[in-house]
Structure formats: structure tokens, C-alpha cells
$ cat model-v2.txt   # compact mmCIF, C-alpha atoms
# COMPACT_ATOMS: atom_id res chain seq x y z
CA MET G 1 77.56 -4.05 -7.48
CA GLU G 2 79.34 -0.93 -8.77
CA GLU G 3 78.61 2.14 -6.69
CA THR G 4 78.71 5.66 -8.11
CA LYS G 5 78.90 8.68 -5.86
CA GLY G 6 76.21 11.29 -6.09
CA TYR G 7 75.54 14.51 -4.24
CA LEU G 8 72.62 16.51 -2.96
CA VAL G 9 73.41 20.22 -3.08
CA LEU G 10 71.01 22.30 -1.00
CA SER G 11 69.98 25.94 -1.13
CA THR G 12 71.20 26.19 2.49
CA GLY G 13 74.78 25.62 1.32
CA ASP G 14 74.90 22.06 2.65
CA VAL G 15 76.21 19.24 0.44
CA LEU G 16 75.36 15.63 1.31
CA GLU G 17 77.07 12.65 -0.28
CA GLY G 18 75.30 9.47 -1.32
CA LYS G 19 75.30 6.84 -4.05
CA TRP G 20 73.20 6.59 -7.16
CA LEU G 21 70.64 3.81 -7.25
CA GLY G 22 70.56 3.13 -10.96
CA GLU G 23 71.92 5.60 -13.50
CA ALA G 24 73.45 8.86 -12.38
CA GLY G 25 71.23 11.82 -13.18
CA GLN G 26 70.55 15.44 -12.41
CA THR G 27 67.38 17.02 -11.09
CA GLU G 28 66.19 19.90 -8.95
CA GLY G 29 63.21 20.43 -6.69
CA GLU G 30 61.75 21.45 -3.36
CA MET G 31 63.06 19.27 -0.53
CA VAL G 32 60.44 17.42 1.56
CA PHE G 33 60.46 14.40 3.84
CA ASN G 34 57.90 11.67 4.50
CA THR G 35 57.85 9.79 7.82
CA ALA G 36 55.76 6.78 6.73
CA MET G 37 57.22 3.33 7.41
CA THR G 38 55.27 1.78 4.52
CA GLY G 39 53.58 3.05 1.38
CA TYR G 40 56.69 4.08 -0.52
CA GLN G 41 55.08 3.08 -3.84
CA GLU G 42 52.06 5.29 -3.18
CA VAL G 43 54.39 8.14 -2.20
CA MET G 44 56.46 7.74 -5.36
CA THR G 45 53.37 7.83 -7.59
CA ASP G 46 51.35 10.51 -5.76
CA PRO G 47 51.04 13.54 -8.12
CA SER G 48 51.10 15.84 -5.09
CA TYR G 49 54.87 15.29 -5.00
CA ALA G 50 55.37 16.74 -8.49
CA GLY G 51 58.33 19.08 -8.52
CA GLN G 52 59.67 17.77 -5.20
CA ILE G 53 62.64 15.68 -4.12
CA VAL G 54 61.20 13.28 -1.54
CA THR G 55 63.21 11.93 1.38
CA MET G 56 61.93 8.80 3.12
CA THR G 57 62.93 8.90 6.79
CA TYR G 58 62.36 5.17 7.37
CA PRO G 59 65.77 3.51 6.85
CA LEU G 60 64.83 0.50 4.69
CA ILE G 61 62.79 1.09 1.54
CA GLY G 62 61.59 -1.64 -0.81
CA ASN G 63 61.39 -4.55 1.62
CA TYR G 64 57.91 -5.69 0.48
CA GLY G 65 58.48 -4.83 -3.17
CA LEU G 66 56.24 -2.99 -5.60
CA ASN G 67 53.31 -4.08 -7.76
CA ASP G 68 50.94 -2.99 -10.51
CA ILE G 69 48.06 -2.43 -8.06
CA ASP G 70 49.20 0.40 -5.81
CA PHE G 71 50.03 3.09 -8.35
CA GLU G 72 48.37 6.42 -7.49
CA ALA G 73 48.94 7.73 -11.02
CA ILE G 74 49.89 6.32 -14.39
CA LYS G 75 53.49 7.27 -13.74
CA PRO G 76 55.51 9.01 -10.99
CA SER G 77 55.74 12.82 -11.01
CA LEU G 78 58.27 13.45 -8.23
CA SER G 79 61.55 15.10 -9.23
CA GLY G 80 63.82 12.84 -7.19
CA PHE G 81 63.97 10.27 -4.41
CA ILE G 82 66.29 10.05 -1.38
CA ILE G 83 66.50 6.90 0.77
CA SER G 84 68.87 5.50 3.35
CA TYR G 85 69.07 1.96 2.00
CA PRO G 86 67.21 0.00 -0.71
CA CYS G 87 66.05 -3.59 -0.29
CA HIS G 88 66.98 -5.64 -3.35
CA THR G 89 65.28 -8.88 -2.23
CA PRO G 90 61.69 -8.00 -1.28
CA GLU G 91 59.26 -10.52 0.16
CA HIS G 92 55.51 -10.19 -0.39
CA TYR G 93 53.02 -12.31 -2.29
CA GLN G 94 51.96 -9.32 -4.43
CA SER G 95 55.48 -8.14 -5.16
CA SER G 96 56.20 -7.86 -8.89
CA PHE G 97 59.39 -5.79 -8.99
CA THR G 98 61.99 -4.09 -6.80
CA ILE G 99 62.59 -0.49 -5.86
CA LYS G 100 65.52 -0.40 -8.29
CA ASP G 101 63.29 -1.74 -11.07
CA MET G 102 60.87 1.10 -10.32
CA ILE G 103 63.38 3.91 -10.47
CA THR G 104 65.01 2.41 -13.58
CA THR G 105 61.73 1.98 -15.47
CA TYR G 106 60.55 5.52 -14.75
CA ASN G 107 63.98 7.18 -14.74
CA ILE G 108 63.63 8.59 -11.22
CA PRO G 109 66.92 10.10 -9.99
CA THR G 110 67.54 8.31 -6.69
CA LEU G 111 70.29 8.60 -4.09
CA TYR G 112 70.84 6.12 -1.27
CA ASP G 113 73.37 5.70 1.53
CA LEU G 114 72.81 9.38 2.25
CA ASP G 115 72.35 10.66 5.80
CA THR G 116 68.56 11.07 5.74
CA ARG G 117 68.50 12.01 9.44
CA ALA G 118 70.82 14.95 8.84
CA LEU G 119 68.83 15.97 5.76
CA THR G 120 65.54 15.86 7.67
CA ARG G 121 67.04 18.04 10.40
CA ILE G 122 68.13 20.60 7.81
CA ILE G 123 64.63 20.75 6.31
CA ARG G 124 63.03 21.03 9.76
CA GLU G 125 65.43 23.82 10.71
CA HIS G 126 65.19 25.90 7.54
CA GLY G 127 61.68 25.06 6.31
CA GLU G 128 61.70 26.01 2.63
CA VAL G 129 64.70 24.21 1.18
CA TYR G 130 65.52 23.46 -2.46
CA GLY G 131 68.02 20.96 -3.74
CA LYS G 132 69.88 19.62 -6.73
CA MET G 133 70.82 15.98 -7.19
CA THR G 134 74.04 15.83 -9.17
CA SER G 135 77.37 14.06 -9.67
CA ASN G 136 79.24 17.31 -9.12
CA PRO G 137 79.45 18.46 -5.48
CA LYS G 138 80.33 21.98 -6.65
CA ASP G 139 77.01 22.42 -8.46
CA THR G 140 74.47 24.90 -7.12
CA SER G 141 70.70 24.62 -7.13
CA VAL G 142 69.14 27.06 -9.59
CA HIS G 143 65.39 26.56 -9.24
CA GLN G 144 64.46 27.87 -5.81
CA GLU G 145 60.76 28.49 -6.12
CA ILE G 146 57.62 26.41 -6.63
CA ASP G 147 56.51 25.96 -10.23
CA ARG G 148 53.36 28.06 -10.72
CA GLU G 149 52.19 25.74 -13.53
CA ILE G 150 52.75 22.45 -11.70
CA VAL G 151 49.05 21.50 -11.47
CA GLN G 152 48.64 21.85 -15.23
CA LYS G 153 51.45 19.31 -15.68
CA VAL G 154 49.72 16.58 -13.65
CA SER G 155 46.03 17.17 -14.45
CA VAL G 156 44.23 15.15 -17.11
CA SER G 157 43.66 16.89 -20.44
CA ASN G 158 40.43 15.09 -21.30
CA VAL G 159 37.42 13.81 -19.35
CA LEU G 160 37.78 10.23 -18.10
CA HIS G 161 34.82 8.03 -17.07
CA PHE G 162 34.83 5.14 -14.60
CA TYR G 163 31.84 2.95 -13.69
CA THR G 164 31.21 1.04 -10.49
CA LYS G 165 30.78 -2.72 -10.57
CA THR G 166 28.73 -2.88 -7.38
CA LYS G 167 25.36 -2.12 -8.98
CA GLN G 168 23.55 -3.20 -12.11
CA ASP G 169 21.24 -0.21 -12.65
CA LYS G 170 23.66 2.43 -13.86
CA GLU G 171 20.95 5.07 -14.15
CA LYS G 172 20.56 5.13 -10.36
CA ASN G 173 24.21 5.22 -9.38
CA PRO G 174 25.35 8.53 -7.92
CA HIS G 175 27.61 10.31 -10.39
CA VAL G 176 30.63 12.12 -8.87
CA VAL G 177 32.92 14.41 -10.83
CA VAL G 178 36.51 14.67 -9.60
CA MET G 179 38.20 17.98 -10.39
CA ASP G 180 41.74 16.85 -11.10
CA TYR G 181 44.46 19.00 -9.56
CA GLY G 182 46.66 15.90 -9.33
CA TYR G 183 44.21 13.28 -8.11
CA LYS G 184 45.22 9.97 -6.56
CA HIS G 185 43.69 6.89 -8.15
CA SER G 186 42.65 5.62 -4.72
CA ILE G 187 40.23 8.55 -4.39
CA MET G 188 38.46 7.40 -7.51
CA GLN G 189 38.60 3.78 -6.32
CA SER G 190 37.07 4.69 -2.95
CA LEU G 191 34.13 6.36 -4.70
CA LEU G 192 33.65 3.39 -7.03
CA GLU G 193 33.59 1.02 -4.06
CA LEU G 194 30.79 3.10 -2.54
CA GLY G 195 28.66 2.58 -5.65
CA CYS G 196 29.39 5.83 -7.48
CA ASP G 197 30.14 6.34 -11.14
CA VAL G 198 33.09 8.72 -11.47
CA SER G 199 34.20 11.24 -14.08
CA VAL G 200 37.63 12.87 -13.80
CA VAL G 201 37.87 16.30 -15.44
CA PRO G 202 40.68 18.82 -16.10
CA PHE G 203 41.38 21.30 -13.31
CA GLN G 204 40.16 24.31 -15.34
CA THR G 205 36.71 22.83 -16.04
CA THR G 206 34.03 25.53 -15.76
CA LEU G 207 30.62 25.35 -14.10
CA SER G 208 28.83 25.19 -17.45
CA GLN G 209 31.08 22.35 -18.64
CA LEU G 210 30.49 20.55 -15.36
CA LYS G 211 26.72 20.87 -15.66
CA GLU G 212 26.87 19.08 -19.03
CA LEU G 213 28.08 15.98 -17.14
CA ASN G 214 25.05 16.16 -14.81
CA PRO G 215 26.90 15.19 -11.60
CA ASP G 216 25.28 14.51 -8.25
CA GLY G 217 28.36 15.74 -6.43
CA VAL G 218 31.87 17.10 -6.98
CA VAL G 219 35.22 16.24 -5.39
CA LEU G 220 38.08 18.72 -5.54
CA SER G 221 41.20 16.56 -5.46
CA ASN G 222 44.61 16.74 -3.89
CA GLY G 223 47.50 18.14 -5.89
CA PRO G 224 50.93 19.79 -5.80
CA GLY G 225 52.08 23.36 -5.42
CA ASP G 226 51.04 26.54 -3.65
CA PRO G 227 47.22 26.94 -3.55
CA GLU G 228 47.60 30.70 -4.01
CA HIS G 229 48.95 30.02 -7.51
CA LEU G 230 45.44 28.83 -8.44
CA SER G 231 43.72 31.95 -7.11
CA TYR G 232 42.46 32.70 -10.63
CA LEU G 233 40.11 29.70 -10.23
CA LYS G 234 38.47 31.00 -7.05
CA GLU G 235 35.28 32.26 -8.70
CA THR G 236 34.80 29.03 -10.65
CA ILE G 237 35.33 26.91 -7.53
CA LYS G 238 32.87 29.02 -5.57
CA GLN G 239 30.26 28.63 -8.31
CA ILE G 240 30.76 24.87 -8.36
CA SER G 241 30.61 24.47 -4.58
CA ASP G 242 27.48 26.66 -4.48
CA ALA G 243 25.80 24.53 -7.17
CA PHE G 244 26.69 20.94 -6.11
CA PRO G 245 27.41 18.92 -2.98
CA THR G 246 31.18 19.26 -2.77
CA LEU G 247 34.05 17.53 -0.98
CA GLY G 248 37.55 19.00 -0.97
CA ILE G 249 40.62 16.89 -0.18
CA CYS G 250 44.02 18.38 0.70
CA LEU G 251 44.68 20.98 -2.06
CA GLY G 252 40.95 20.82 -2.83
CA HIS G 253 40.26 21.75 0.81
CA GLN G 254 42.57 24.75 0.53
CA LEU G 255 40.98 25.87 -2.76
CA ILE G 256 37.47 25.75 -1.27
CA ALA G 257 38.71 27.93 1.59
CA LEU G 258 40.29 30.42 -0.83
CA ALA G 259 37.14 30.51 -2.95
CA HIS G 260 35.07 31.42 0.10
CA GLY G 261 37.29 34.24 1.33
CA ALA G 262 39.84 32.54 3.60
CA LYS G 263 43.61 32.53 3.15
CA THR G 264 46.28 29.84 3.15
CA MET G 265 49.78 29.83 4.60
CA ARG G 266 52.89 27.70 4.39
CA LEU G 267 53.72 25.26 7.17
CA PRO G 268 57.26 25.38 8.60
CA TYR G 269 58.14 22.02 7.00
CA GLY G 270 54.88 20.34 6.06
CA HIS G 271 52.84 17.32 7.18
CA ARG G 272 53.91 14.24 5.22
CA GLY G 273 53.39 10.80 6.69
CA SER G 274 50.81 8.22 7.69
CA ASN G 275 50.47 8.77 11.44
CA HIS G 276 49.19 12.32 11.88
CA PRO G 277 46.61 12.65 14.69
CA VAL G 278 43.51 14.67 13.80
CA LYS G 279 40.70 15.52 16.20
CA ASP G 280 37.10 15.59 15.02
CA LEU G 281 35.70 18.61 16.88
CA ILE G 282 32.11 17.40 16.38
CA THR G 283 32.50 13.92 17.92
CA GLY G 284 35.61 14.46 19.99
CA LYS G 285 37.28 11.42 18.42
CA VAL G 286 40.92 11.41 17.33
CA TYR G 287 41.84 9.75 14.04
CA ILE G 288 45.26 8.71 12.78
CA THR G 289 45.51 10.03 9.23
CA SER G 290 47.65 10.02 6.13
CA GLN G 291 48.82 13.49 5.12
CA ASN G 292 50.87 15.15 2.40
CA HIS G 293 50.80 18.93 2.33
CA GLY G 294 53.02 21.95 2.81
CA TYR G 295 50.24 24.53 3.13
CA VAL G 296 47.23 24.92 5.42
CA VAL G 297 44.16 27.10 5.68
CA ASP G 298 44.69 30.05 8.05
CA GLY G 299 42.07 29.46 10.72
CA GLU G 300 42.01 33.15 11.63
CA THR G 301 40.62 33.99 8.17
CA ILE G 302 37.73 31.49 8.12
CA ASP G 303 34.29 33.09 8.42
CA GLU G 304 32.90 31.07 11.32
CA ALA G 305 29.44 32.54 10.73
CA VAL G 306 29.39 30.48 7.53
CA TRP G 307 31.84 27.65 8.22
CA GLN G 308 32.35 25.27 11.10
CA ILE G 309 35.92 24.12 11.65
CA SER G 310 35.36 20.37 11.92
CA HIS G 311 38.87 18.97 12.41
CA ILE G 312 42.19 20.17 13.81
CA HIS G 313 45.67 18.67 13.88
CA VAL G 314 46.42 17.50 17.41
CA ASN G 315 50.11 18.46 17.27
CA ASP G 316 50.04 22.01 15.91
CA LYS G 317 46.29 22.83 16.03
CA SER G 318 46.22 23.66 12.29
CA VAL G 319 42.87 23.47 10.47
CA GLU G 320 42.21 19.96 9.12
CA GLY G 321 38.57 20.22 8.05
CA MET G 322 35.60 22.53 7.46
CA ILE G 323 31.84 22.11 7.01
CA HIS G 324 29.56 24.74 5.49
CA LYS G 325 26.72 25.56 7.84
CA ASP G 326 24.05 25.98 5.13
CA LYS G 327 25.26 24.00 2.10
CA SER G 328 26.44 20.46 1.38
CA VAL G 329 30.09 21.47 1.25
CA MET G 330 32.82 19.87 3.35
CA SER G 331 36.57 19.63 3.10
CA VAL G 332 39.46 17.88 4.84
CA GLN G 333 43.20 18.49 4.81
CA PHE G 334 44.06 14.82 5.32
CA HIS G 335 43.57 11.86 2.96
CA PRO G 336 40.45 9.77 3.73
CA GLU G 337 41.37 7.28 1.00
CA ALA G 338 44.32 6.30 3.25
CA HIS G 339 46.79 5.12 0.61
CA PRO G 340 49.18 4.75 2.30
CA GLY G 341 47.97 4.89 5.87
CA PRO G 342 45.30 3.84 8.35
CA ILE G 343 41.62 3.63 7.41
CA ASP G 344 40.37 5.68 10.38
CA SER G 345 38.87 8.43 8.21
CA GLN G 346 37.30 6.53 5.31
CA HIS G 347 33.92 7.48 6.74
CA ILE G 348 34.45 10.92 5.17
CA PHE G 349 33.64 9.42 1.76
CA GLN G 350 30.63 7.62 3.17
CA GLN G 351 29.38 10.84 4.72
CA PHE G 352 29.81 12.68 1.41
CA VAL G 353 28.13 10.00 -0.72
CA SER G 354 25.19 9.81 1.69
CA GLN G 355 24.45 13.47 0.89
CA LEU G 356 24.12 12.85 -2.82
CA VAL G 357 20.73 12.60 -4.45
CA LYS G 358 20.68 9.55 -6.67
CA LYS G 359 19.82 10.02 -10.30
CA GLY G 360 16.68 7.94 -10.11
CA GLU G 361 15.33 9.96 -7.19
CA LYS G 362 16.23 13.22 -8.92
CA GLN G 363 14.48 12.15 -12.12
CA HIS G 364 11.45 10.99 -10.16
CA ALA G 365 11.26 14.37 -8.44
CA LYS G 366 11.25 16.11 -11.81
CA ALA G 367 8.53 13.88 -13.25
$ encode --input "model-v2.txt" --output "C-alpha cells"
Amino acid sequence: MEETKGYLVLSTGDVLEGKWLGEAGQTEGEMVFNTAMTGYQEVMTDPSYAGQIVTMTYPLIGNYGLNDIDFEAIKPSLSGFIISYPCHTPEHYQSSFTIKDMITTYNIPTLYDLDTRALTRIIREHGEVYGKMTSNPKDTSVHQEIDREIVQKVSVSNVLHFYTKTKQDKEKNPHVVVMDYGYKHSIMQSLLELGCDVSVVPFQTTLSQLKELNPDGVVLSNGPGDPEHLSYLKETIKQISDAFPTLGICLGHQLIALAHGAKTMRLPYGHRGSNHPVKDLITGKVYITSQNHGYVVDGETIDEAVWQISHIHVNDKSVEGMIHKDKSVMSVQFHPEAHPGPIDSQHIFQQFVSQLVKKGEKQHAKA
């Protein structure tokens, strides 16, 4: 197999040499790393990675192949992919294609045989690092800031409707609207499996537009970028969370906090992986969670007269969840849909759905 040299030029001045997997290309983005041993397909298709060059720290990627089931979006949004070594002969009964097939089909610039350990150390040391994947080691990275319009690029443009197959009487199924800031398909699938009908709406949907859909509850989804760049939506998000039972996930968690007066801040190098320990402060239990975020809610700015901090990260004590003391509003920084990752925290969806008033009951109350 012919090997073509490629280079990763970093904003720190470092240049790392690798080889192109597939066609040589050129791309720029924020440098991040993910420590998960599995779930590379979900990582590659998670819209939260839009605008980022993702490094997988596990050395062998592609060993169980890829399939048409585990896509988290219609197509990948990440800017580039860095791996140590690709597996060209995967083994799994659901495997339909290889990692090289994936990056070729979706034209994802990918470098392998690059020192991912050294790269991860650079990101950990410097924090905010930007890079350019190129065939010219003398290139320099130009884009060294987060795209302020990145959510608009991954959100749906029209309302999408999905209906559960677990019940026959559709009029009595809880109806959940997902505000799409870059939602993962597994969030929608988790709600469907719990007997909900789901509508996915554009991220700028207003309260009046939402009311026309007559939801029983609202989920604010995950997504890419700096939550402060969506500060212009704070009033709308507050109105929505005041009007409906609301669950925020990852970016959605941060946006709920911003809408209710708290602030967010950047982590030194982010939480991205499938083994992050989170402590439930209400039960005392520790869950192993899947995470993908570079920002967190500043715990010092949360109004604890109104909000209860429900979860914290065991390693750095950052805020991982909040519950409103008077309203049906809750949010978590981690991913309860657990794709990829352990299923420890799937009860978050069950807890949210149990708060919803079913349509039939609501209609009966009005009669």
C-alpha cells in the first residue's frame, strides 16, 4: 500500500509527521483528544465535534469495523481525524465497512502513524490548541478561534417528526421536542424507546413556535462550540424552560445555566471519553459516564437558592448536573444516552419522561 506523508502543524509551533489514510487533504480546526477505547464511529459522527480535529488516544482504531446503525448524525461534521494505526481487517458480525471506507466516503482528512501520545501531551500542556492538517510541513494554521456560527451549521433547518413503535395509541404518547444544537441520534432513539414521540426543531425555535407543536417536555441537546456564542438565545431558553418540563444535555445543560444567570468557562483541555466518573450528590452513587465537552458551568455563579447542584465530576469537581428546586427543569453535562459508553446514567431519561404529563391525561384534565 502506497504511503503518503502528511503533517499536523500546530498553533504551538509543533509539527508532527504522519501518513494520510486515503487521499491527502488540508483542513484546520481546534485540537481535541478522546480517550475512549471503543465508539470511534459515534465519535466521528457526533455533531459536537464540528470544527474540531479529533485525536483518538487508543492505538488501534477500526478493529470491529463500522456499520449503518451507529451513526449519530446523517454525516460526520468533524474537521479531521488523527489515529495511531487503522485496522483494515475488522471482525464483528455487524461490520459493514472499514475505517478507510468511512473516511473515503465522507472525505474526512485523516492522518495515521502519528505520535498521538506526544500530541495529547501538547494539548494537555497548552489547553487551547489549533492545528492544520497538510502535506506541507512549512504551512501555518490560520484559523485559531472557535467558529461562532458552528451550531447553525449542524442544526436541522426544518422540523422533523419521529414516532415510537412501543405503543398503539399515539394520542397518549408523551411528545418531546428536541431543540437541535447538534443533537445525537441516540438521544432521539432513547426517547423513542421510552414510549415518547419526538420532534426535532431548529436551534432558534421560539417559545410561540414551540407551543404550536404542543409538547409535553423539551430537551435541549448537545452541540459544538462555545456556549457564550449563543448568549443571544438566553431569553428564549429561559422562557421555554419556564413553560415546559425541560432536560438539558451537555451544551443544553450549559445553555440552561446561562439562561438562568450562571456563567460558563473553558476547561483546561476538556472531558472527552467514555470513562468519566460522576458523583450523584443526591444518592451518593458514582456513575461512569460518556462525555464530550470543552466548557463547563461555573459552580460559583449558580444561584443555589434556586438550583441544586446534583452531580459533580469526581476528578476535578466540576459541575455535572443541576436540578431546579421549584420547576421541572434538570440538566446534565454528561451523555445519558451513552453512545459510546456505559449505560450507568440512562435513568436520567427515565426520570425526565416520568415527569411528563401524557396527552390523554392533559386532555382529560381540560375536559
$ closest_atom_pairs --input "model-v2.txt" --of "segment 260-364 of chain G" --to "segment 236-255 of chain G" --cutoff "10 Å" --atoms "only C-alpha atoms" --output "Markdown table"
| residue | atom | partner | partner_atom | distance |
| --- | --- | --- | --- | --- |
| G:His260 | CA | G:Lys238 | CA | 6.5 |
| G:Gly261 | CA | G:Lys238 | CA | 9.7 |
| G:Ala262 | CA | G:Gln254 | CA | 8.8 |
| G:Lys263 | CA | G:Gln254 | CA | 8.3 |
| G:Thr264 | CA | G:Gln254 | CA | 6.8 |
| G:Met265 | CA | G:Gln254 | CA | 9.7 |
| G:Gln291 | CA | G:Cys250 | CA | 8.2 |
| G:Asn292 | CA | G:Cys250 | CA | 7.8 |
| G:His293 | CA | G:Cys250 | CA | 7.0 |
| G:Gly294 | CA | G:Leu251 | CA | 9.7 |
| G:Tyr295 | CA | G:Gln254 | CA | 8.1 |
| G:Val296 | CA | G:Gln254 | CA | 6.8 |
| G:Val297 | CA | G:Gln254 | CA | 5.9 |
| G:Asp298 | CA | G:Gln254 | CA | 9.4 |
| G:Glu320 | CA | G:His253 | CA | 8.7 |
| G:Gly321 | CA | G:His253 | CA | 7.6 |
| G:Met322 | CA | G:His253 | CA | 8.2 |
| G:Ile323 | CA | G:Leu247 | CA | 9.5 |
| G:Lys327 | CA | G:Asp242 | CA | 7.4 |
| G:Ser328 | CA | G:Pro245 | CA | 4.7 |
| G:Val329 | CA | G:Thr246 | CA | 4.7 |
| G:Met330 | CA | G:Leu247 | CA | 5.1 |
| G:Ser331 | CA | G:Gly248 | CA | 4.2 |
| G:Val332 | CA | G:Ile249 | CA | 5.2 |
| G:Gln333 | CA | G:Cys250 | CA | 4.2 |
| G:Phe334 | CA | G:Cys250 | CA | 5.8 |
| G:His335 | CA | G:Ile249 | CA | 6.6 |
| G:Pro336 | CA | G:Ile249 | CA | 8.1 |
| G:Glu337 | CA | G:Ile249 | CA | 9.7 |
| G:Ile348 | CA | G:Leu247 | CA | 9.0 |
| G:Phe349 | CA | G:Leu247 | CA | 8.6 |
| G:Gln351 | CA | G:Leu247 | CA | 10.0 |
| G:Phe352 | CA | G:Leu247 | CA | 6.9 |
| G:Val353 | CA | G:Pro245 | CA | 9.2 |
| G:Gln355 | CA | G:Pro245 | CA | 7.3 |
| G:Leu356 | CA | G:Pro245 | CA | 6.9 |
| G:Val357 | CA | G:Pro245 | CA | 9.3 |
$ closest_residue --input "model-v2.txt" --among "G:Val142, G:Ile99, G:Ile82, G:Ala50" --to "Gly65 of chain G" --atoms "all atoms listed in the file"
G:Ile99
$ atom_distance --input "model-v2.txt" --atom1 "atom CA of His126 of chain G" --atom2 "atom CA of Thr12 of chain G"
7.9 Å
$ closest_residue --input "model-v2.txt" --among "G:Arg121, G:Val314, G:Thr301, G:Tyr287" --to "His347 of chain G" --atoms "only C-alpha atoms"
G:Tyr287
$ closest_residue --input "model-v2.txt" --among "G:Ala305, G:Ala24, G:Val129, G:Leu192" --to "Tyr112 of chain G" --atoms "all atoms listed in the file"
G:Ala24
$ atom_distance --input "model-v2.txt" --atom1 "atom CA of Gly273 of chain G" --atom2 "atom CA of Ile312 of chain G"
16.2 Å
$ decode --input "model-v2.txt" --residues "segment 259-276 of chain G" --atoms "C-alpha atoms" --output "PDB file, in the first residue's frame"
ATOM      1  CA  ALA G 259     -30.335  31.448  30.653  1.00  0.00           C
ATOM      2  CA  HIS G 260     -30.823  31.409  34.417  1.00  0.00           C
ATOM      3  CA  GLY G 261     -27.965  33.750  35.272  1.00  0.00           C
ATOM      4  CA  ALA G 262     -24.931  31.480  35.669  1.00  0.00           C
ATOM      5  CA  LYS G 263     -21.722  31.623  33.641  1.00  0.00           C
ATOM      6  CA  THR G 264     -19.643  29.069  31.771  1.00  0.00           C
ATOM      7  CA  MET G 265     -15.888  28.657  31.498  1.00  0.00           C
ATOM      8  CA  ARG G 266     -13.435  26.706  29.406  1.00  0.00           C
ATOM      9  CA  LEU G 267     -11.824  23.556  30.782  1.00  0.00           C
ATOM     10  CA  PRO G 268      -8.028  23.273  30.515  1.00  0.00           C
ATOM     11  CA  TYR G 269      -8.307  20.545  27.852  1.00  0.00           C
ATOM     12  CA  GLY G 270     -11.844  19.187  28.007  1.00  0.00           C
ATOM     13  CA  HIS G 271     -13.580  15.964  29.043  1.00  0.00           C
ATOM     14  CA  ARG G 272     -13.811  13.599  26.079  1.00  0.00           C
ATOM     15  CA  GLY G 273     -14.079   9.879  26.645  1.00  0.00           C
ATOM     16  CA  SER G 274     -16.308   7.102  27.933  1.00  0.00           C
ATOM     17  CA  ASN G 275     -14.994   6.523  31.452  1.00  0.00           C
ATOM     18  CA  HIS G 276     -15.527   9.783  33.333  1.00  0.00           C
TER      19      HIS G 276
END
